[in-house]
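Following: one structure in structure tokens, then a few remarks.
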Amino acid sequence: MKSKKNNSNFLMGMLALSISFPLIVVCSAWFFPGTELWAHFAENLLPELITSTLMLLIGVGIGVSILGTILAYLVVMVEFPGRKWLEWALFMPFAIPAYVLAFVYLGVFDYSGYAQVWLREYTGMPGFDIRAGSWAIILTFTLVFYPYVYMMARASFKRQKIQMIEAGKMLGKKPFEVFWRISVPLARPAIAAGLLVTLMETLADFGVVSLFNYSTFTTAIYSAWNDFRSIEVAAQLASMLVLIAFFLIYFEKKARGKAKYYSSDVSHIRPYRATGFIRWLIFVFVFGVFMLSFAMPMLQLVIWSFDKYAEEISQRYSDYFSATGILTVSATILTVVVATLLALPSRRKDESKVLQLLIRFSTLGYALPGSVMAVGLLYGVQNISLVSIYLGGASINHILFGSVILLLFAYISRFMAIAYNSTSASSEQIKPVFEQSARLLGSSRIRLIREVYLPMMAPGILAGGLLVAIDVMKELPATYLLRPFGWDTLAIRVFELSSEGLYDRAAIPALMMVFFGAIIMLLFIRLDSDKY
Amino acid sequence: MLSVNNLKISFDDNHVLDGFNLNLESGDIFALLGESGSGKSSALRFIAGLEEAQLGSVALDGNSLSDEGNHSVNAELREIGMVFQDYALFPHMTVFQNISFGIDYLAKKEKIDKVDKLLDLIGLKGIEKKYPHQLSGGEQQRVSLARSLATSPKLLLLDEPFSSLDKSNRDQLVKEVREILKSAGVTSILVTHNEAEAEVFADKVGVINKKRLIIK
């Protein structure tokens with residue numbers, strides 16, 4: 001029995017370790033001697049990079065926590081007009097890649113965008129640069145990433161026992177106090193988990209920050225590698241990102257605390273019914289968020305697409321579709337299988353500290369920009385080839401470079417965290433008593449996994465798979481660097497056009513991505529709504 | 001003191017209560033007995049202001065709280081306390097924080113004194129710093145009672161508070177809670193499906209029969 005557990009621990013450790021391969025390569029960059037270039041970076045750019053990155057993280061963190069939590073609370077706890085469809089509509093920004101929202105906002109609100117032109121003409125207001133400062137980029141990130149907090153907080157509020165809120169009421173507390181002192185503290189682990197994903201996404205973003213000319217670690221890494229051709233400096237900068245990500249995960253774990261709030265009661269009763277003016281105020285607020293984060297940008301994309309449809313559409317689009325589809329489906333399945341294996345509850349209770357650490361480490365890839373993942377993989381494979389040749393073997397470069405395998409590997413390493421957070425959260429809900437009773441009923445380990453764990457973890461597995469699918473479809477830098485010849489995806493097309501400032505033409509592939517994203521979202525919503 | 005008049009509650013066209021009346025004097029301890037689904041909990045939740053009804057009014061100390069099945073005074077403003085079946089203690093707060101939750105407008109010293117007195121009353125001194133999950137079921141229910149009494153409610157509602165406990169603990173606690181409520185002089189309504197429990201606990205027992213309340 002003991003050795004069986006050790007074996008499974010060992011296998012899982014190896015699995016987690018191999019997922020971490022690009023990360024390990026990146027971190028090993030510190031063992032290379034420091035270069036003059038690194039000294040230049042460290043002296044001139046690093047302090048500013050750290051400040052601007054932290055500022056972005058703090059701003060976006062505050063933004064998504066407040067917006068995501070309030071929206072989730074309103075749709076779960078309060079009855080107001082339009083609540084039923086808005087509850088689901090608020091998920092829709094998941095379908096929009098952050099860089100698409102950024103280019104739409106820039107196209108509309110920038111100096112030459114029609115919103116500003118109109119303002120200048122009709123109000124005589126002087127023009128302004130929305131790239132100046134960090135408020136516009138923080139707002140953009142907040143609007144595109146709030147659904148992560150919203151989703152987690154919503155699920156948590158739904159699981160909260162209604163008696164908790166009723167007890168608060170009966171003790172004389174007004175709705176806001178019940179929200180602030182009971183509901184929010186009880187949802188804190190969920191809010192922290194959503195916040196963690198958001199901050200990781202923000203750290204890894206390349207598209208939005210480059211469109212806004214905002215310098216962060218990702219832009220510096222890109223510059224080190226692209227402008228200075230220094231893979232070491234790029235890797236050293238990237239390893240600092242890993243460090244930041246590690247701190248974020250640590251704080252999230254602290255925020256979760258020791259408290260375990262098992263509760264599976266799902267109540268259909270909404271404890272508050274807003275009346276009169278307040279109910280319309282709530283509607284305007286929630287609807288406003290939906291309009292700003294989804295409906296209005298979509299409308300703009302449609303308008304642009306109509307103008308440029310004939311110019312942009314061609315035979316190539318069937319290739320973009322098939323590349324996007326094949327990559328998304330295969331990467332999602334692989335990632336979810338790995339994440340589920342690592343999160344199975346029977347393993348959880350007797351896993352070693354080392355294994356826990358390895359798994360944590362393997363989920364850090366989420367904070368790394370895809371370009372760093374790609375560089376780490378290429379660099380690592382190249383070094384393995386060198387070692388292999390040195391030992392009298394053959395190079396593996398020709399097998400892996402320019403093959404789908406490397407790209408899929410990058411996706412798994414990059415998006416493991418999303419799937420793992422979701423599968424492990426659902427596995428933590430499975431009380432140990434299920435395993436004990438299944439064992440006592442003579443069930444084998446395989447049967448326990450197949451008939452007890454997997455069905456119980458299914459919602460988490462599905463939710464994780466959905467998020468991974470959308471992220472893979474949107475993924476840009478790693479795809480750009482690692483895609484085999486002829487494997488251009490829709491995201492690549494959006495990038496090629498928008499980086500040349502052809503926003504109106506980029507709107508067409510962007511709209512297609514949003515369309516597929518929306519279909520996946522609707523699928524998820526259907527699955528999810530069956531539960532409640 | 002409390003008067004509930006002409007209460008009518010139905011679920012999906014199925015009337016569970018119709019013409020339900022209840023009048024209590026100050027300090028009364030009343031038990032409302034009924035099968036599950038008889039509407040006894042719904043009546044209690046209507047009095048609390050947590051659920052609405054098709055018809056019916058509630059008045060406490062001569063002030064109207066609900067009329068025609070609608071609430072004119074919200075639950076949080078009724079000065080009515082409630083003890084729940086599964087205790088509903090806030091898991092993220094200590095015993096002290098739970099009990100003082102409704103009286104946090106008091107100065108610190110007064111709060112400490114009040115919690116101290118209440119813990120003395122329920123016979124659980126020295127557990128202020130514990131969390132609910134560190135307590136037994138009976139202890140949790142006593143803390144829940146203390147929390148409800150802290151706000152000095154005019155009326156206390158107890159919704160099957162003993163049904164999660166095993167029998168040996170239950171019989172003892174039923175007597176104890178009665179003593180506590182008697183000494184505090186709080187008007188109370190217990191909802192239960194256990195006849196013996198109702199007899200031991202209450203001065204007056206009512207049964208729901210044919211959608212109406214009959215005082216035994």
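Simple scheme: letters A, B, ... for chains in structure tokens order, numbers from 1 for residues in each chain, numbers from 1 for ligands in the order shown.
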Contact set, chain A to chain B: 6 Å, only C-alpha atoms, as a short mmCIF file (atom, residue, chain, number, x, y, z; two decimals) with N, CA and C atoms, in the first residue's frame:
```cif
data_model
loop_
_atom_site.label_atom_id
_atom_site.label_comp_id
_atom_site.auth_asym_id
_atom_site.auth_seq_id
_atom_site.Cartn_x
_atom_site.Cartn_y
_atom_site.Cartn_z
N GLN A 163 -29.23 30.87 5.60
CA GLN A 163 -29.43 31.15 7.03
C GLN A 163 -28.41 32.14 7.57
N MET A 164 -27.19 32.14 6.98
CA MET A 164 -26.16 33.08 7.44
C MET A 164 -26.66 34.51 7.24
N LYS A 169 -29.59 39.43 9.21
CA LYS A 169 -30.77 40.30 9.18
C LYS A 169 -31.46 40.33 10.53
N MET A 170 -31.64 39.12 11.10
CA MET A 170 -32.37 39.03 12.37
C MET A 170 -31.61 39.68 13.51
N LEU A 171 -30.29 39.89 13.30
CA LEU A 171 -29.52 40.58 14.33
C LEU A 171 -29.46 42.08 14.05
N GLY A 172 -30.33 42.51 13.13
CA GLY A 172 -30.51 43.94 12.93
C GLY A 172 -29.58 44.59 11.93
N LYS A 173 -28.94 43.79 11.06
CA LYS A 173 -27.98 44.39 10.14
C LYS A 173 -28.60 44.73 8.78
#
```
Spatial neighbours of B:Leu2, 7 Å, only C-alpha atoms, chain gap at least 2 places, as a PyMOL selection string: chain B and resi 4+23-25+59-61
Write out the residues from the selection above, keeping N, CA and C atoms, as a PDB file, in the first residue's frame.
```
ATOM      1  N   VAL B   4     -50.913  37.743  15.555  1.00  0.00           N
ATOM      2  CA  VAL B   4     -50.875  37.348  14.145  1.00  0.00           C
ATOM      3  C   VAL B   4     -52.315  37.068  13.747  1.00  0.00           C
ATOM      4  N   ASN B  23     -52.196  34.814  19.381  1.00  0.00           N
ATOM      5  CA  ASN B  23     -51.982  35.950  20.276  1.00  0.00           C
ATOM      6  C   ASN B  23     -51.165  35.506  21.465  1.00  0.00           C
ATOM      7  N   LEU B  24     -50.084  36.235  21.759  1.00  0.00           N
ATOM      8  CA  LEU B  24     -49.236  35.892  22.904  1.00  0.00           C
ATOM      9  C   LEU B  24     -49.111  37.081  23.838  1.00  0.00           C
ATOM     10  N   GLU B  25     -49.030  36.750  25.164  1.00  0.00           N
ATOM     11  CA  GLU B  25     -48.782  37.784  26.175  1.00  0.00           C
ATOM     12  C   GLU B  25     -47.289  37.881  26.413  1.00  0.00           C
ATOM     13  N   ALA B  59     -48.580  42.174  14.401  1.00  0.00           N
ATOM     14  CA  ALA B  59     -48.336  43.368  15.205  1.00  0.00           C
ATOM     15  C   ALA B  59     -47.585  42.962  16.460  1.00  0.00           C
ATOM     16  N   LEU B  60     -46.620  43.791  16.833  1.00  0.00           N
ATOM     17  CA  LEU B  60     -45.819  43.515  18.025  1.00  0.00           C
ATOM     18  C   LEU B  60     -45.867  44.753  18.911  1.00  0.00           C
ATOM     19  N   ASP B  61     -46.273  44.576  20.156  1.00  0.00           N
ATOM     20  CA  ASP B  61     -46.439  45.707  21.076  1.00  0.00           C
ATOM     21  C   ASP B  61     -47.293  46.814  20.460  1.00  0.00           C
TER      22      ASP B  61
END
```
Which of stretch 140-334 of chain A counts as helix (DSSP H, G or I) under DSSP, as a PyMOL selection string please? chain A and resi 140-159+162-170+175-204+207-211+217-226+231-256+276-312+316-334
Pick out the residues sitting within 7 Å of stretch 65-73 of chain B, and hand them over as a list of chain:residue names; count only C-alpha atoms, and ignore anything fewer than 5 positions along from it in its own chain.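 My list of contacting residues is B:Gly49, B:Glu52, B:Ala53, B:Gln54, B:Leu55, B:Gly56, B:Ser57, B:Val58, B:Ala59, B:Arg78.
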Just the residues within 8 Å of B:Gly137, please, counting only C-alpha atoms, with nothing from its chain fewer than 4 positions along; format it as number ranges by chain. B: 141, 164-165
Near A:Ser362, counting only C-alpha atoms, which residues have an atom at most 10 Å away, once you skip same-chain residues fewer than 3 positions from it, shown as number ranges by chain? A: 13, 15-24, 356-359, 365-366, 412-417, 420
Could you turn the residues from that selection into a file that holds N, CA and C atoms, as an mmCIF file, in the first residue's frame?
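Contents of again_33.cif, freshly written:
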```cif
data_model
loop_
_atom_site.group_PDB
_atom_site.id
_atom_site.type_symbol
_atom_site.label_atom_id
_atom_site.label_comp_id
_atom_site.auth_asym_id
_atom_site.auth_seq_id
_atom_site.Cartn_x
_atom_site.Cartn_y
_atom_site.Cartn_z
ATOM 1 N N GLY A 13 4.903 13.608 -9.502
ATOM 2 C CA GLY A 13 6.024 14.541 -9.406
ATOM 3 C C GLY A 13 6.708 14.711 -10.749
ATOM 4 N N LEU A 15 5.380 14.182 -13.631
ATOM 5 C CA LEU A 15 4.441 14.876 -14.521
ATOM 6 C C LEU A 15 4.525 16.388 -14.296
ATOM 7 N N ALA A 16 4.446 16.783 -13.004
ATOM 8 C CA ALA A 16 4.506 18.208 -12.678
ATOM 9 C C ALA A 16 5.839 18.801 -13.123
ATOM 10 N N LEU A 17 6.881 18.020 -12.929
ATOM 11 C CA LEU A 17 8.218 18.501 -13.279
ATOM 12 C C LEU A 17 8.337 18.733 -14.786
ATOM 13 N N SER A 18 7.790 17.805 -15.572
ATOM 14 C CA SER A 18 7.933 17.978 -17.023
ATOM 15 C C SER A 18 7.095 19.154 -17.531
ATOM 16 N N ILE A 19 5.962 19.420 -16.847
ATOM 17 C CA ILE A 19 5.174 20.607 -17.209
ATOM 18 C C ILE A 19 6.010 21.863 -16.957
ATOM 19 N N SER A 20 6.847 21.788 -15.908
ATOM 20 C CA SER A 20 7.625 22.956 -15.508
ATOM 21 C C SER A 20 8.870 23.167 -16.356
ATOM 22 N N PHE A 21 9.098 22.275 -17.338
ATOM 23 C CA PHE A 21 10.343 22.325 -18.103
ATOM 24 C C PHE A 21 10.724 23.729 -18.593
ATOM 25 N N PRO A 22 9.837 24.464 -19.293
ATOM 26 C CA PRO A 22 10.235 25.795 -19.753
ATOM 27 C C PRO A 22 10.576 26.729 -18.589
ATOM 28 N N LEU A 23 9.842 26.563 -17.485
ATOM 29 C CA LEU A 23 10.099 27.381 -16.294
ATOM 30 C C LEU A 23 11.492 27.123 -15.739
ATOM 31 N N ILE A 24 11.836 25.832 -15.685
ATOM 32 C CA ILE A 24 13.141 25.471 -15.131
ATOM 33 C C ILE A 24 14.253 26.059 -16.008
ATOM 34 N N GLN A 356 3.722 18.722 -3.445
ATOM 35 C CA GLN A 356 2.916 19.949 -3.404
ATOM 36 C C GLN A 356 3.673 21.109 -4.029
ATOM 37 N N LEU A 357 4.941 21.200 -3.675
ATOM 38 C CA LEU A 357 5.780 22.279 -4.182
ATOM 39 C C LEU A 357 5.938 22.173 -5.697
ATOM 40 N N LEU A 358 6.155 20.937 -6.170
ATOM 41 C CA LEU A 358 6.326 20.726 -7.612
ATOM 42 C C LEU A 358 5.076 21.136 -8.377
ATOM 43 N N ILE A 359 3.903 20.777 -7.804
ATOM 44 C CA ILE A 359 2.656 21.121 -8.480
ATOM 45 C C ILE A 359 2.477 22.638 -8.509
ATOM 46 N N GLY A 365 3.592 28.785 -14.641
ATOM 47 C CA GLY A 365 3.703 29.147 -16.049
ATOM 48 C C GLY A 365 2.647 30.141 -16.472
ATOM 49 N N TYR A 366 1.557 30.210 -15.703
ATOM 50 C CA TYR A 366 0.476 31.104 -16.062
ATOM 51 C C TYR A 366 0.890 32.564 -16.033
ATOM 52 N N ILE A 412 0.164 23.751 -22.650
ATOM 53 C CA ILE A 412 -0.084 23.028 -21.400
ATOM 54 C C ILE A 412 0.643 23.716 -20.251
ATOM 55 N N SER A 413 1.926 24.012 -20.448
ATOM 56 C CA SER A 413 2.701 24.659 -19.393
ATOM 57 C C SER A 413 2.091 26.003 -19.025
ATOM 58 N N ARG A 414 1.628 26.698 -20.027
ATOM 59 C CA ARG A 414 1.135 28.046 -19.805
ATOM 60 C C ARG A 414 -0.223 28.052 -19.098
ATOM 61 N N PHE A 415 -1.100 27.107 -19.471
ATOM 62 C CA PHE A 415 -2.479 27.179 -18.975
ATOM 63 C C PHE A 415 -2.844 26.131 -17.934
ATOM 64 N N MET A 416 -1.838 25.351 -17.494
ATOM 65 C CA MET A 416 -2.090 24.349 -16.453
ATOM 66 C C MET A 416 -2.771 24.966 -15.236
ATOM 67 N N ALA A 417 -2.326 26.159 -14.847
ATOM 68 C CA ALA A 417 -2.831 26.780 -13.619
ATOM 69 C C ALA A 417 -4.346 26.949 -13.660
ATOM 70 N N TYR A 420 -5.923 23.565 -13.316
ATOM 71 C CA TYR A 420 -5.636 22.990 -12.008
ATOM 72 C C TYR A 420 -6.422 23.698 -10.903
#
```
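If you look at atom CA of A:Asp504 and atom CA of A:Glu311, they are 10.7 Å away from each other.
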